[in-house]
Amino acid sequence: MEDQAIIKQAGEHVFKLFKQRLSKKLVYHNYKHTFETVAEAQDLGQRTLLPEDQLQDLVLAAWFHDTGYVDAYAGHEQESVRIATEWLQEQGYPEERIERISQTILATQHDTEPETLLEELLVDADMSNIGKDTFLPQPNCYA
């Protein structure tokens, strides 16, 4: 992938954010779900033969897609975009790619029709664990 360091840093940032600020009442939208969504998004992106920059942006969108739950339940996607944008700007990430990541995150809103391949892949990754054994609600646990 284009820049493994920023992916790793994003994962660590989201882990800390959820550990410090995510409500323990959220048994589905937590770090475990986010981690699984990231893995699925990366797999789907590689299978789709996405260019490296798009694959990286998809994975970053997956890391941040539910971060807004630390501040809001309703409308958490917009809050996720704010959190992602702020963090990515601090890393000096290119603005046009931050915009692509933001649009990809917003596609995960209920009743939103994905318009790009990245948006479709993130929505699929976000929903992928519904049919898996790991779908049962899990307590927020940070070892």
# chains A, B, ... in the order shown; residues from 1 in each chain; ligands from 1
>>> residues_around(residues="Leu117 (chain A)", least_positions_apart="3", cutoff="10 Å", atoms="only C-alpha atoms", output="list in words")
Gly45, Thr48, Leu50, Gln54, Leu58, Thr104, Pro114, Glu120, Leu121, Leu122 and Val123 of chain A
>>> write_last_selection(atoms="C-alpha atoms", output="PDB file, in the first residue's frame")
ATOM      1  CA  GLY A  45      -9.967  -2.977  -2.478  1.00  0.00           C
ATOM      2  CA  THR A  48     -10.883  -4.912  -7.084  1.00  0.00           C
ATOM      3  CA  LEU A  50      -7.729  -0.396  -6.875  1.00  0.00           C
ATOM      4  CA  GLN A  54      -7.456   4.841  -3.796  1.00  0.00           C
ATOM      5  CA  LEU A  58     -10.523   3.499   1.249  1.00  0.00           C
ATOM      6  CA  THR A 104     -16.615   7.782   1.084  1.00  0.00           C
ATOM      7  CA  PRO A 114     -23.055   4.943  -3.104  1.00  0.00           C
ATOM      8  CA  GLU A 120     -19.587   0.951  -2.693  1.00  0.00           C
ATOM      9  CA  LEU A 121     -16.605  -0.928  -1.270  1.00  0.00           C
ATOM     10  CA  LEU A 122     -16.790   0.839   2.102  1.00  0.00           C
ATOM     11  CA  VAL A 123     -20.547   0.268   2.397  1.00  0.00           C
TER      12      VAL A 123
END
>>> atom_distance(atom1="CA of Gln89 (chain A)", atom2="CA of Gln20 (chain A)")
21.7 Å
>>> atom_distance(atom1="CA of Ile83 (chain A)", atom2="CA of Phe64 (chain A)")
7.6 Å
>>> residues_around(residues="Gln109 (chain A)", least_positions_apart="5", cutoff="12 Å", atoms="only C-alpha atoms", output="list in words")
His65, Asp66, Gly68, Tyr73, Ala74, Gly75, His76, Glu77, Gln78, Glu79, Ser80, Val81, Ser102, Gln103, Thr104, Pro114, Glu119, Glu120, Leu122, Val123, Asp126 and Met127 of chain A
>>> atom_distance(atom1="CA of Trp87 (chain A)", atom2="CA of Glu113 (chain A)")
26.4 Å
>>> residues_around(residues="Ala10 (chain A)", least_positions_apart="4", cutoff="10 Å", atoms="only C-alpha atoms", output="list in words")
Gln4, Ala5, Ile6, Val14, Phe15, Lys16, Val59, Leu60, Ala61, Trp63, Phe64, Ala84, Trp87, Leu88 and Gln91 of chain A
>>> write_last_selection(atoms="N, CA and C atoms", output="compact mmCIF listing (two decimals), in the first residue's frame")
# COMPACT_ATOMS: atom_id res chain seq x y z
N GLN A 4 2.12 2.79 4.38
CA GLN A 4 1.67 1.99 5.53
C GLN A 4 1.72 2.78 6.84
N ALA A 5 2.64 3.73 6.95
CA ALA A 5 2.79 4.47 8.22
C ALA A 5 1.52 5.23 8.57
N ILE A 6 0.92 5.91 7.60
CA ILE A 6 -0.28 6.70 7.92
C ILE A 6 -1.46 5.79 8.25
N VAL A 14 -7.48 5.95 16.13
CA VAL A 14 -8.86 5.53 16.33
C VAL A 14 -8.98 4.63 17.57
N PHE A 15 -8.03 3.74 17.78
CA PHE A 15 -8.04 2.89 18.96
C PHE A 15 -8.05 3.75 20.23
N LYS A 16 -7.14 4.73 20.31
CA LYS A 16 -7.07 5.60 21.49
C LYS A 16 -8.35 6.42 21.65
N VAL A 59 -9.04 2.55 2.91
CA VAL A 59 -8.70 2.02 4.23
C VAL A 59 -8.76 3.13 5.29
N LEU A 60 -8.31 4.33 4.95
CA LEU A 60 -8.41 5.44 5.90
C LEU A 60 -9.88 5.78 6.18
N ALA A 61 -10.71 5.76 5.15
CA ALA A 61 -12.15 6.01 5.34
C ALA A 61 -12.73 4.95 6.27
N TRP A 63 -11.15 3.28 8.64
CA TRP A 63 -10.72 3.54 10.02
C TRP A 63 -11.59 4.61 10.68
N PHE A 64 -11.94 5.64 9.94
CA PHE A 64 -12.63 6.78 10.54
C PHE A 64 -14.15 6.73 10.42
N ALA A 84 -12.01 12.86 10.94
CA ALA A 84 -11.05 12.39 9.94
C ALA A 84 -10.33 13.57 9.28
N TRP A 87 -7.77 15.22 11.64
CA TRP A 87 -6.59 14.40 11.85
C TRP A 87 -5.74 14.34 10.58
N LEU A 88 -6.38 14.14 9.43
CA LEU A 88 -5.64 14.04 8.17
C LEU A 88 -4.95 15.36 7.82
N GLN A 91 -1.79 15.67 9.59
CA GLN A 91 -0.74 14.82 8.99
C GLN A 91 -0.23 15.39 7.67
>>> select_by_dssp(residues="chain A", states="alpha helix (DSSP H)", output="NGL selection string")
:A and (4-21 or 31-47 or 52-64 or 76-90 or 95-106 or 117-127)
>>> residues_around(residues="Phe18 (chain A)", least_positions_apart="2", cutoff="12 Å", atoms="only C-alpha atoms", output="VMD selection string")
chain A and resid 11 to 16 20 to 24 26 29 to 35 63 to 64 66 to 71 140 to 142
